[in-house]
Structures are given as structure tokens and as C-alpha cells.
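**Student:** Dumping the structure here so I can ask a few things about it.
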Amino acid sequence: MKKVLRVRISEHNLARESERLQSYGLGSCVALVLWDPHEKIGAMAHILLPSASNSGVRHKSAKYASSAVNLLVDELVLAGCRPQRLVAKIAGGATMFPHRFNVARKELGANIGRRNIRAVRQALARKRIKLLAEEVGGEIGRTIEFNPRNGEMIVSKSNGEVIII
Amino acid sequence: MPAQALSLDKAQEDALQELCNIGMGHATSALAQLMGKTIYFDIPKVNLVQISRVPEVIGNAEQTVVGIYLRFSGPISGNILLVFPKKSVLLLKQIITGDNSRKLVFDEYHTSLLKEVGNIVAGAYLSVMEDLLKMQLVQSVPWFAFDLASAIIDPILVQLGKDSDHTVVIEAEFFVREEDKLKGKFYLLPDTSSVKMILNAVGL
């Protein structure tokens, strides 16, 4: 049995070759993985919001897209990874109360998923980290598992569909 | 708004539990009238938890469920979520409409039906809060979702997570005794800034 490390909302974790990283039930949240293919070490953040509403507060937190990228880079460097080797994969950012169920009304929280996705992409670009693959948006919840040995992210959608990115 | 530290002592926890208890009494009798069946409910649970732990508190976080969500606002504001497992949704539909098909269809008719259930339950609950807290509350239109419980809860945690890393989750399970598969859960998640105001309004 591989050791599976669960990453809850606004938390992060780091895993080596023999371990796996998992985030359950991503709705509008985005799971970000940074991976060093050489060291075979990965780190995952379960992001809730694009950025802190109070700009005076500088959280070094996995809760916000703006700080999660920096946080994961720091942790991976501490673990012996090189920043220039890091690549990224992301999943989530869905609309959970979609238009098809809520006809004739504005979708609820449609923006938050999209804003989370955009904020993560921007934070990655600022750090010049390549986004290798993504499984984002739509109107469906996702559970993901990341394997630092080969860099595969298994995305299980709530309708039973499974995608590997 | 700065991040607020939330804490609850035993008396405050008891007060919130009692408030929910009375609210659930009215909410379930409104549902009972709609369904023509007696609805029972368990003693409400009051949890002060980290936002990251809410999906675990909600439980069955990995099952697809129907979620009906409403926001309420006024002097206090917050979120109400009703969660029904798939089997309960079928039974609910059968009892209310007499349609015995075993297929889950979420067309406009059926989503409206379930949203109306949410409306009635939340309305009855909130009218009790209005009486007990002596304030007027406005409820939003209900929203419908069908997905993993832990994914449905995300947009609510977005609301709560802006101001705090902790939240109060008040939950109560309700059920029909003859139909052991018909059950649902009622969740009240007040906005962080409203918890103190609710307690003040009941003199704590």
C-alpha cells in the first residue's frame, strides 16, 4: 500500500516517490501540484480563494492562489528541488450551482472557480513555472490523486469518468 | 474585515443548539405538511471547526447528493444548506408528486420541486429565528446542485473563508420513520461576524 497524503482545503503537503497526494471533492477549489521530475518530489495545495481580501494581511498560505505557488516552491526547494526544474498541473475550479439547474437566473459562484483558475495561472507565469496540464472548469466535482514517481495526476469526476493528465 | 477569532463556551453552544432545535421543529412540521408524513429530527449538533475540516463534518463528502442552498441576510447573515442522498430524492419525489419512476431526472420541474422544498424548510426555520432574535431576515432564492457533498460546500466556504479560518456548523438530520431511506440534513453556517450577534440577541 502506497502512503496517501490527504490535502484538505487551504492546506498543502509534500510527497516523495513512494507516496501519493490526494485532494477530495474539489468544487470551485483548485488543486495545484508542483513537481520536480528529477527528484521525483511533488507538492500539492488545495486553494480556496484567488487572493486575500485584506491586502494588508500577508498570509503565507495554501488558501490563496497568490501565495500558494510561492509556498510550494519554498517547500520544494527546502526538500532539495531546483526551482527551474519545477512544472505544474492543476485541477478543479468548477461551477457547482450551474445554470442548467438554476434556469433563468445568474449562476451562483460561477466566477469564483474561474477566478481561482486565472489566479493560479498568473501566479505560475510570474514564477516562470510551466503549466504542463490542466483539468479545470466545467460543472462537475473532482477528486484527484498525484503520483510523484511519474508525475501523473488521476482526476476522478463525480460522474464516474476518470482522466489521467 | 480582519480575521476574527471565534470561540464558543458551553452556554453559547447550548444556546445555538436550542435555537436550531426550535427552528428544526418548525422546519420539519412545514415539511410534514407538504409530504403528509411525520418528520423526525435528531438533536442538532453545534461544531466550531476549521474551514478545512468542514467537508469531514458534513460527512459522506464523497457521495453525490442533491444540495439546496440559500443565503439569508439582515442584521445577521449566513448560509443554509439542505443535503439529500440520491435515494431520498427519489422517495421525496414519489411522495410529493406520486411519480414512482426510479430514475433521477433533474429537469426544470424536478429541480424547482426540490428547491421549493428547500424554500419551505428554510423559510420555516428562519421565521423562528426572526421571532426568537427579534429581527427581520430576508432569504435568497434557493440554488440547486447535484454533485459530491464536499464539492457543493465549496462556494459556501468561499463566503466564510474570506473573513476567517474557522466557522460554526450547526447540523441536524431529519428523517421519516416508515421510510428509513428518506432522510436529509440541514446545515446552518452563520457568517463569522454574525455568530456573536446571534449570541448577543439571546443575551449571551
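By convention in this document, the chains of the C-alpha cells carry letters A, B, ... by their order, each chain's residues are numbered from 1, and ligands are numbered from 1 in the order they are shown.
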DSSP on the backbone, alpha helix (DSSP H) only: what residues of region 30-94 of chain B does that give? Format it as JSON, numbers by chain.
**Tutor:** {"B": [30, 31, 32, 33, 34, 35, 54, 55, 56, 57, 58, 86, 87, 88, 89, 90, 91, 92, 93, 94]}
**Student:** Output the selection as a PDB file, in the first residue's frame - N, CA and C atoms for each residue.
**Tutor:**
```pdb
ATOM      1  N   ALA B  30     -43.297  21.994   8.764  1.00  0.00           N
ATOM      2  CA  ALA B  30     -43.630  22.530   7.439  1.00  0.00           C
ATOM      3  C   ALA B  30     -43.431  21.449   6.374  1.00  0.00           C
ATOM      4  N   LEU B  31     -42.364  20.700   6.497  1.00  0.00           N
ATOM      5  CA  LEU B  31     -42.081  19.618   5.554  1.00  0.00           C
ATOM      6  C   LEU B  31     -43.115  18.493   5.699  1.00  0.00           C
ATOM      7  N   ALA B  32     -43.522  18.254   6.943  1.00  0.00           N
ATOM      8  CA  ALA B  32     -44.517  17.208   7.206  1.00  0.00           C
ATOM      9  C   ALA B  32     -45.847  17.539   6.530  1.00  0.00           C
ATOM     10  N   GLN B  33     -46.217  18.809   6.569  1.00  0.00           N
ATOM     11  CA  GLN B  33     -47.463  19.245   5.913  1.00  0.00           C
ATOM     12  C   GLN B  33     -47.394  19.018   4.408  1.00  0.00           C
ATOM     13  N   LEU B  34     -46.238  19.319   3.843  1.00  0.00           N
ATOM     14  CA  LEU B  34     -46.040  19.165   2.406  1.00  0.00           C
ATOM     15  C   LEU B  34     -46.117  17.691   2.007  1.00  0.00           C
ATOM     16  N   MET B  35     -45.581  16.819   2.871  1.00  0.00           N
ATOM     17  CA  MET B  35     -45.449  15.419   2.496  1.00  0.00           C
ATOM     18  C   MET B  35     -46.550  14.531   3.050  1.00  0.00           C
ATOM     19  N   VAL B  54     -14.509  21.259   7.370  1.00  0.00           N
ATOM     20  CA  VAL B  54     -15.961  21.258   7.137  1.00  0.00           C
ATOM     21  C   VAL B  54     -16.413  20.057   6.299  1.00  0.00           C
ATOM     22  N   PRO B  55     -15.698  19.711   5.197  1.00  0.00           N
ATOM     23  CA  PRO B  55     -16.152  18.542   4.422  1.00  0.00           C
ATOM     24  C   PRO B  55     -16.235  17.267   5.263  1.00  0.00           C
ATOM     25  N   GLU B  56     -15.344  17.123   6.255  1.00  0.00           N
ATOM     26  CA  GLU B  56     -15.402  15.946   7.125  1.00  0.00           C
ATOM     27  C   GLU B  56     -16.588  16.014   8.072  1.00  0.00           C
ATOM     28  N   VAL B  57     -16.885  17.204   8.561  1.00  0.00           N
ATOM     29  CA  VAL B  57     -18.037  17.380   9.449  1.00  0.00           C
ATOM     30  C   VAL B  57     -19.321  17.072   8.687  1.00  0.00           C
ATOM     31  N   ILE B  58     -19.388  17.525   7.429  1.00  0.00           N
ATOM     32  CA  ILE B  58     -20.558  17.284   6.591  1.00  0.00           C
ATOM     33  C   ILE B  58     -20.725  15.776   6.369  1.00  0.00           C
ATOM     34  N   LYS B  86     -29.190  10.462  -2.823  1.00  0.00           N
ATOM     35  CA  LYS B  86     -29.940  10.147  -4.050  1.00  0.00           C
ATOM     36  C   LYS B  86     -31.244   9.398  -3.772  1.00  0.00           C
ATOM     37  N   LYS B  87     -31.173   8.353  -2.926  1.00  0.00           N
ATOM     38  CA  LYS B  87     -32.367   7.542  -2.639  1.00  0.00           C
ATOM     39  C   LYS B  87     -33.479   8.380  -2.023  1.00  0.00           C
ATOM     40  N   SER B  88     -33.081   9.311  -1.162  1.00  0.00           N
ATOM     41  CA  SER B  88     -34.078  10.166  -0.525  1.00  0.00           C
ATOM     42  C   SER B  88     -34.737  11.097  -1.529  1.00  0.00           C
ATOM     43  N   VAL B  89     -33.975  11.516  -2.518  1.00  0.00           N
ATOM     44  CA  VAL B  89     -34.523  12.404  -3.546  1.00  0.00           C
ATOM     45  C   VAL B  89     -35.626  11.680  -4.313  1.00  0.00           C
ATOM     46  N   LEU B  90     -35.375  10.400  -4.647  1.00  0.00           N
ATOM     47  CA  LEU B  90     -36.388   9.602  -5.355  1.00  0.00           C
ATOM     48  C   LEU B  90     -37.649   9.466  -4.522  1.00  0.00           C
ATOM     49  N   LEU B  91     -37.472   9.147  -3.238  1.00  0.00           N
ATOM     50  CA  LEU B  91     -38.621   8.968  -2.345  1.00  0.00           C
ATOM     51  C   LEU B  91     -39.383  10.273  -2.155  1.00  0.00           C
ATOM     52  N   LEU B  92     -38.644  11.336  -2.018  1.00  0.00           N
ATOM     53  CA  LEU B  92     -39.249  12.659  -1.859  1.00  0.00           C
ATOM     54  C   LEU B  92     -40.137  12.975  -3.068  1.00  0.00           C
ATOM     55  N   LYS B  93     -39.608  12.697  -4.243  1.00  0.00           N
ATOM     56  CA  LYS B  93     -40.340  12.944  -5.485  1.00  0.00           C
ATOM     57  C   LYS B  93     -41.597  12.068  -5.543  1.00  0.00           C
ATOM     58  N   GLN B  94     -41.430  10.782  -5.177  1.00  0.00           N
ATOM     59  CA  GLN B  94     -42.570   9.855  -5.200  1.00  0.00           C
ATOM     60  C   GLN B  94     -43.678  10.332  -4.266  1.00  0.00           C
TER      61      GLN B  94
END
```
**Student:** Excluding region 5-12 of chain A and residues on its chain fewer than 5 positions from it, collect all residues at most 7 Å away from it, counting only C-alpha atoms, and give them as a short mmCIF file (atom, residue, chain, number, x, y, z; two decimals) with C-alpha atoms, in the first residue's frame.
**Tutor:**
```cif
data_model
loop_
_atom_site.label_atom_id
_atom_site.label_comp_id
_atom_site.auth_asym_id
_atom_site.auth_seq_id
_atom_site.Cartn_x
_atom_site.Cartn_y
_atom_site.Cartn_z
CA ARG A 20 0.71 9.92 -3.20
CA LEU A 21 -1.06 13.25 -2.75
CA GLN A 22 -4.84 13.41 -2.74
CA SER A 23 -7.50 16.12 -2.71
CA MET A 44 0.04 19.94 -3.61
CA ALA A 45 -2.02 22.93 -2.43
CA HIS A 46 -5.84 22.93 -2.08
CA ILE A 47 -6.70 26.53 -2.97
CA LEU A 48 -9.98 28.13 -1.83
CA ALA A 62 -2.17 27.46 0.62
CA LYS A 63 -5.63 29.03 0.97
CA SER B 52 -10.54 22.81 6.09
#
```
**Student:** Looking at only C-alpha atoms, which of A:Ser66, A:Phe101, A:Arg82, A:Ser28 is the one that sits closest to Arg126 (chain A)?
**Tutor:**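 Closest to Arg126 (chain A) of all the choices is A:Ser66.
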**Student:** How close does each residue of chain A get to chain B, giving the shortest atom pair and distance in Å to one decimal for every residue with an atom at most 9 Å away, counting only C-alpha atoms, sorted by chain and residue number, as JSON lines?
**Tutor:**
```
{"residue": "A:Arg8", "atom": "CA", "partner": "B:Ser52", "partner_atom": "CA", "distance": 5.5}
{"residue": "A:Ile9", "atom": "CA", "partner": "B:Ser52", "partner_atom": "CA", "distance": 4.5}
{"residue": "A:Ser10", "atom": "CA", "partner": "B:Ser52", "partner_atom": "CA", "distance": 6.2}
{"residue": "A:Glu11", "atom": "CA", "partner": "B:Ser52", "partner_atom": "CA", "distance": 7.3}
{"residue": "A:Tyr24", "atom": "CA", "partner": "B:Glu62", "partner_atom": "CA", "distance": 7.2}
{"residue": "A:Gly25", "atom": "CA", "partner": "B:Ala151", "partner_atom": "CA", "distance": 4.8}
{"residue": "A:Leu26", "atom": "CA", "partner": "B:Ala151", "partner_atom": "CA", "distance": 5.1}
{"residue": "A:Gly27", "atom": "CA", "partner": "B:Ala151", "partner_atom": "CA", "distance": 3.9}
{"residue": "A:Ser28", "atom": "CA", "partner": "B:Asp154", "partner_atom": "CA", "distance": 5.9}
{"residue": "A:Cys29", "atom": "CA", "partner": "B:Asp154", "partner_atom": "CA", "distance": 6.7}
{"residue": "A:Leu48", "atom": "CA", "partner": "B:Val158", "partner_atom": "CA", "distance": 6.4}
{"residue": "A:Leu49", "atom": "CA", "partner": "B:Val158", "partner_atom": "CA", "distance": 6.6}
{"residue": "A:Ala52", "atom": "CA", "partner": "B:Lys162", "partner_atom": "CA", "distance": 7.2}
{"residue": "A:Ser53", "atom": "CA", "partner": "B:Lys162", "partner_atom": "CA", "distance": 6.5}
{"residue": "A:Asn54", "atom": "CA", "partner": "B:Met1", "partner_atom": "CA", "distance": 7.0}
{"residue": "A:Val57", "atom": "CA", "partner": "B:Pro2", "partner_atom": "CA", "distance": 8.3}
{"residue": "A:Lys63", "atom": "CA", "partner": "B:Gly161", "partner_atom": "CA", "distance": 8.7}
{"residue": "A:Ala94", "atom": "CA", "partner": "B:Ala151", "partner_atom": "CA", "distance": 8.8}
{"residue": "A:Thr95", "atom": "CA", "partner": "B:Pro155", "partner_atom": "CA", "distance": 8.7}
{"residue": "A:Met96", "atom": "CA", "partner": "B:Ile152", "partner_atom": "CA", "distance": 5.7}
{"residue": "A:Phe97", "atom": "CA", "partner": "B:Ala145", "partner_atom": "CA", "distance": 5.0}
{"residue": "A:Pro98", "atom": "CA", "partner": "B:Ala145", "partner_atom": "CA", "distance": 7.3}
{"residue": "A:Arg100", "atom": "CA", "partner": "B:Glu108", "partner_atom": "CA", "distance": 8.3}
{"residue": "A:Phe101", "atom": "CA", "partner": "B:Phe144", "partner_atom": "CA", "distance": 5.9}
{"residue": "A:Asn102", "atom": "CA", "partner": "B:Phe144", "partner_atom": "CA", "distance": 6.4}
{"residue": "A:Val103", "atom": "CA", "partner": "B:Glu108", "partner_atom": "CA", "distance": 7.3}
{"residue": "A:Glu107", "atom": "CA", "partner": "B:Trp143", "partner_atom": "CA", "distance": 8.8}
{"residue": "A:Leu108", "atom": "CA", "partner": "B:Trp143", "partner_atom": "CA", "distance": 7.6}
{"residue": "A:Gly109", "atom": "CA", "partner": "B:Pro155", "partner_atom": "CA", "distance": 6.1}
{"residue": "A:Ile112", "atom": "CA", "partner": "B:Pro155", "partner_atom": "CA", "distance": 7.8}
{"residue": "A:Gly113", "atom": "CA", "partner": "B:Pro155", "partner_atom": "CA", "distance": 8.9}
{"residue": "A:Ile140", "atom": "CA", "partner": "B:Asp147", "partner_atom": "CA", "distance": 6.9}
{"residue": "A:Gly141", "atom": "CA", "partner": "B:Ala151", "partner_atom": "CA", "distance": 5.4}
{"residue": "A:Arg142", "atom": "CA", "partner": "B:Ala151", "partner_atom": "CA", "distance": 7.7}
{"residue": "A:Thr143", "atom": "CA", "partner": "B:Glu62", "partner_atom": "CA", "distance": 8.5}
{"residue": "A:Ser158", "atom": "CA", "partner": "B:Leu148", "partner_atom": "CA", "distance": 6.4}
{"residue": "A:Asn159", "atom": "CA", "partner": "B:Asp147", "partner_atom": "CA", "distance": 8.3}
```
**Student:** Could you dump the residues just selected with C-alpha atoms as a tab-separated table (two decimals), in the first residue's frame?
**Tutor:**
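Result file is again33.tsv:
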```tsv
chain	number	residue	atom	x	y	z
A	8	ARG	CA	-7.60	19.45	2.78
A	9	ILE	CA	-8.97	22.85	1.84
A	10	SER	CA	-6.39	25.61	2.41
A	11	GLU	CA	-3.75	23.03	3.33
A	24	TYR	CA	-11.13	15.07	-2.32
A	25	GLY	CA	-14.19	16.75	-3.71
A	26	LEU	CA	-12.82	19.78	-5.49
A	27	GLY	CA	-15.67	22.10	-6.43
A	28	SER	CA	-14.72	25.70	-7.09
A	29	CYS	CA	-11.42	24.99	-5.29
A	48	LEU	CA	-9.98	28.13	-1.83
A	49	LEU	CA	-9.66	31.77	-2.96
A	52	ALA	CA	-6.65	37.54	0.49
A	53	SER	CA	-9.40	40.19	0.65
A	54	ASN	CA	-7.36	42.23	3.09
A	57	VAL	CA	-2.54	40.60	5.65
A	63	LYS	CA	-5.63	29.03	0.97
A	94	ALA	CA	-15.85	24.14	-11.37
A	95	THR	CA	-19.24	25.83	-11.09
A	96	MET	CA	-21.22	23.89	-8.51
A	97	PHE	CA	-24.62	25.61	-8.81
A	98	PRO	CA	-24.75	25.74	-12.60
A	100	ARG	CA	-28.68	24.09	-16.11
A	101	PHE	CA	-30.12	23.52	-12.60
A	102	ASN	CA	-30.89	27.16	-11.92
A	103	VAL	CA	-32.63	28.32	-15.07
A	107	GLU	CA	-25.20	31.16	-11.83
A	108	LEU	CA	-24.04	31.16	-8.25
A	109	GLY	CA	-20.32	31.31	-7.62
A	112	ILE	CA	-15.02	32.03	-8.13
A	113	GLY	CA	-13.92	28.85	-9.94
A	140	ILE	CA	-18.50	18.90	-12.02
A	141	GLY	CA	-16.74	17.97	-8.78
A	142	ARG	CA	-13.40	16.20	-8.98
A	143	THR	CA	-11.18	14.08	-6.72
A	158	SER	CA	-18.19	12.84	-9.79
A	159	ASN	CA	-19.96	11.23	-12.79
```
**Student:** His26 (chain B): which residues within 12 Å, counting only C-alpha atoms, same-chain residues fewer than 4 positions away excluded, as a list in words?
**Tutor:**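 Selected residues are Leu19, Cys20, Asn21, Ile22, Ala30, Leu31, Ala32, Gln33, Ile39, Tyr40, Phe41, Ile120, Val121, Ala122, Gly123, Ala124, Tyr125, Leu126, Ser127, Val128, Met129 and Asp131 of chain B.
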**Student:** Can you write out the residues you just picked, keeping C-alpha atoms, as a tab-separated table (two decimals), in the first residue's frame?
**Tutor:**
```tsv
chain	number	residue	atom	x	y	z
B	19	LEU	CA	-32.12	27.83	18.68
B	20	CYS	CA	-31.61	25.20	15.99
B	21	ASN	CA	-33.78	22.74	17.91
B	22	ILE	CA	-36.74	25.13	17.85
B	30	ALA	CA	-43.63	22.53	7.44
B	31	LEU	CA	-42.08	19.62	5.55
B	32	ALA	CA	-44.52	17.21	7.21
B	33	GLN	CA	-47.46	19.24	5.91
B	39	ILE	CA	-40.82	14.03	10.09
B	40	TYR	CA	-38.47	13.40	12.97
B	41	PHE	CA	-35.13	15.05	13.63
B	120	ILE	CA	-40.29	25.91	2.70
B	121	VAL	CA	-37.89	24.31	5.18
B	122	ALA	CA	-35.55	27.32	5.29
B	123	GLY	CA	-38.48	29.76	5.48
B	124	ALA	CA	-39.99	27.98	8.47
B	125	TYR	CA	-36.61	27.83	10.15
B	126	LEU	CA	-35.80	31.49	9.55
B	127	SER	CA	-39.20	32.68	10.78
B	128	VAL	CA	-38.36	31.08	14.13
B	129	MET	CA	-35.00	32.86	14.16
B	131	ASP	CA	-39.17	35.60	16.39
```
**Student:** For each of A:Val87, A:Leu71, A:Ala119, A:Ile144, take the minimum atom-to-atom distance to Ala31 (chain A), counting only C-alpha atoms, then give the residue where this is smallest.
**Tutor:** A:Ile144
**Student:** Tell me, in Å to one decimal, how far CA of Arg114 (chain A) is from CA of Leu14 (chain A).
**Tutor:**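 Pair CA of Arg114 (chain A) / CA of Leu14 (chain A) returns 25.7 Å.
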**Student:** I'd like the interatomic distance between CA of Lys89 (chain A) and CA of Arg118 (chain A), to a tenth of an Å.
**Tutor:** 13.5 Å
**Student:** List as a list in words the protein and nucleic acid residues near Phe174 (chain B), meaning an atom at most 12 Å away when only C-alpha atoms are counted, but skip any in the same chain fewer than 5 places from it.
**Tutor:**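 My list of contacting residues is Asn21, Met24, Gly25, Ala27, Thr28, Ser29, Leu31, Ala32, Thr38, Ile39, Tyr40, Phe41, Asp42, Ile43, Pro44, Leu82, Val83, Phe84, Ser88, Val121, Glu179, Asp180, Lys181, Leu182, Lys183, Gly184, Lys185, Phe186 and Tyr187 of chain B.
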**Student:** Please write the residues from the selection above to a file, keeping C-alpha atoms, as a PDB file, in the first residue's frame.
**Tutor:**
```pdb
ATOM      1  CA  ASN B  21     -33.780  22.743  17.911  1.00  0.00           C
ATOM      2  CA  MET B  24     -35.958  22.414  13.219  1.00  0.00           C
ATOM      3  CA  GLY B  25     -39.264  21.815  14.990  1.00  0.00           C
ATOM      4  CA  ALA B  27     -38.978  23.389   9.628  1.00  0.00           C
ATOM      5  CA  THR B  28     -39.875  19.706   9.933  1.00  0.00           C
ATOM      6  CA  SER B  29     -43.543  20.411  10.609  1.00  0.00           C
ATOM      7  CA  LEU B  31     -42.081  19.618   5.554  1.00  0.00           C
ATOM      8  CA  ALA B  32     -44.517  17.208   7.206  1.00  0.00           C
ATOM      9  CA  THR B  38     -44.386  12.754  10.251  1.00  0.00           C
ATOM     10  CA  ILE B  39     -40.824  14.033  10.090  1.00  0.00           C
ATOM     11  CA  TYR B  40     -38.470  13.403  12.974  1.00  0.00           C
ATOM     12  CA  PHE B  41     -35.133  15.046  13.630  1.00  0.00           C
ATOM     13  CA  ASP B  42     -32.085  14.328  15.752  1.00  0.00           C
ATOM     14  CA  ILE B  43     -30.746  16.730  18.345  1.00  0.00           C
ATOM     15  CA  PRO B  44     -28.786  19.371  16.419  1.00  0.00           C
ATOM     16  CA  LEU B  82     -30.082  21.077   2.739  1.00  0.00           C
ATOM     17  CA  VAL B  83     -28.493  17.818   1.638  1.00  0.00           C
ATOM     18  CA  PHE B  84     -30.432  14.828   0.344  1.00  0.00           C
ATOM     19  CA  SER B  88     -34.078  10.166  -0.525  1.00  0.00           C
ATOM     20  CA  VAL B 121     -37.885  24.311   5.182  1.00  0.00           C
ATOM     21  CA  GLU B 179     -39.207   5.063   5.056  1.00  0.00           C
ATOM     22  CA  ASP B 180     -35.780   4.503   6.521  1.00  0.00           C
ATOM     23  CA  LYS B 181     -34.159   5.610   3.279  1.00  0.00           C
ATOM     24  CA  LEU B 182     -35.776   9.035   3.370  1.00  0.00           C
ATOM     25  CA  LYS B 183     -33.518  11.379   5.257  1.00  0.00           C
ATOM     26  CA  GLY B 184     -31.845  14.685   4.802  1.00  0.00           C
ATOM     27  CA  LYS B 185     -29.513  17.001   6.586  1.00  0.00           C
ATOM     28  CA  PHE B 186     -29.989  20.621   7.472  1.00  0.00           C
ATOM     29  CA  TYR B 187     -26.933  22.831   7.870  1.00  0.00           C
TER      30      TYR B 187
END
```
**Student:** Counting only C-alpha atoms, which residue out of B:Val46, B:Leu204, B:Ala172, B:Ile198 sits closest to Leu133 (chain B)?
**Tutor:** B:Ile198
**Student:** From a backbone DSSP assignment, name each residue in region 30-142 of chain A labelled strand (DSSP E), as a PyMOL selection string.
**Tutor:** chain A and resi 30-36+41-47+87-92+130-136+142
**Student:** Suppose we keep C-alpha atoms; can you now write the selection as a compact mmCIF listing (two decimals), in the first residue's frame?
**Tutor:**
```
# COMPACT_ATOMS: atom_id res chain seq x y z
CA VAL A 30 -8.30 24.41 -7.38
CA ALA A 31 -5.67 21.80 -6.58
CA LEU A 32 -2.21 22.90 -7.65
CA VAL A 33 0.66 20.43 -7.98
CA LEU A 34 4.29 21.43 -8.45
CA TRP A 35 6.63 18.62 -9.37
CA ASP A 36 10.36 18.12 -9.78
CA ILE A 41 9.09 15.07 -5.34
CA GLY A 42 5.70 16.76 -5.65
CA ALA A 43 3.79 19.28 -3.58
CA MET A 44 0.04 19.94 -3.61
CA ALA A 45 -2.02 22.93 -2.43
CA HIS A 46 -5.84 22.93 -2.08
CA ILE A 47 -6.70 26.53 -2.97
CA VAL A 87 6.48 22.01 -13.56
CA ALA A 88 2.79 22.38 -12.67
CA LYS A 89 -0.54 20.63 -13.08
CA ILE A 90 -3.89 21.95 -11.89
CA ALA A 91 -7.44 20.64 -11.50
CA GLY A 92 -10.80 21.95 -10.22
CA LYS A 130 5.40 25.73 -16.93
CA LEU A 131 1.80 24.55 -16.65
CA LEU A 132 2.09 21.03 -18.12
CA ALA A 133 -1.55 20.00 -17.95
CA GLU A 134 -4.89 21.02 -16.50
CA GLU A 135 -8.37 19.59 -15.99
CA VAL A 136 -10.37 22.62 -14.94
CA ARG A 142 -13.40 16.20 -8.98
```
**Student:** Grab the CA of Pro190 (chain B) to CA of Gln136 (chain B) distance for me, in Å with one decimal place.
**Tutor:**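 About the pair CA of Pro190 (chain B) and CA of Gln136 (chain B): they are 15.3 Å apart.
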**Student:** For Glu116 (chain B), which of B:Thr167, B:Leu70, B:Phe175, B:Met197 is the closest residue, counting only C-alpha atoms?
**Tutor:** B:Leu70
**Student:** Using only C-alpha atoms, which residue out of B:Asn119, B:Ser73, B:Gln139, B:Asn200 lies closest to Leu16 (chain B)?
**Tutor:**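 Nearest to Leu16 (chain B): B:Asn200.
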**Student:** For Glu17 (chain A), find every residue with an atom within 10 Å (counting only C-alpha atoms), except residues of its own chain fewer than 5 positions away, and show them as a PyMOL selection string.
**Tutor:** chain A and resi 2+39-42+147-151
**Student:** Restricting the calculation to only C-alpha atoms, which member of B:Val138, B:Leu199, B:Gln12, B:Glu18 is positioned closest to Gly78 (chain B)?
**Tutor:** B:Val138
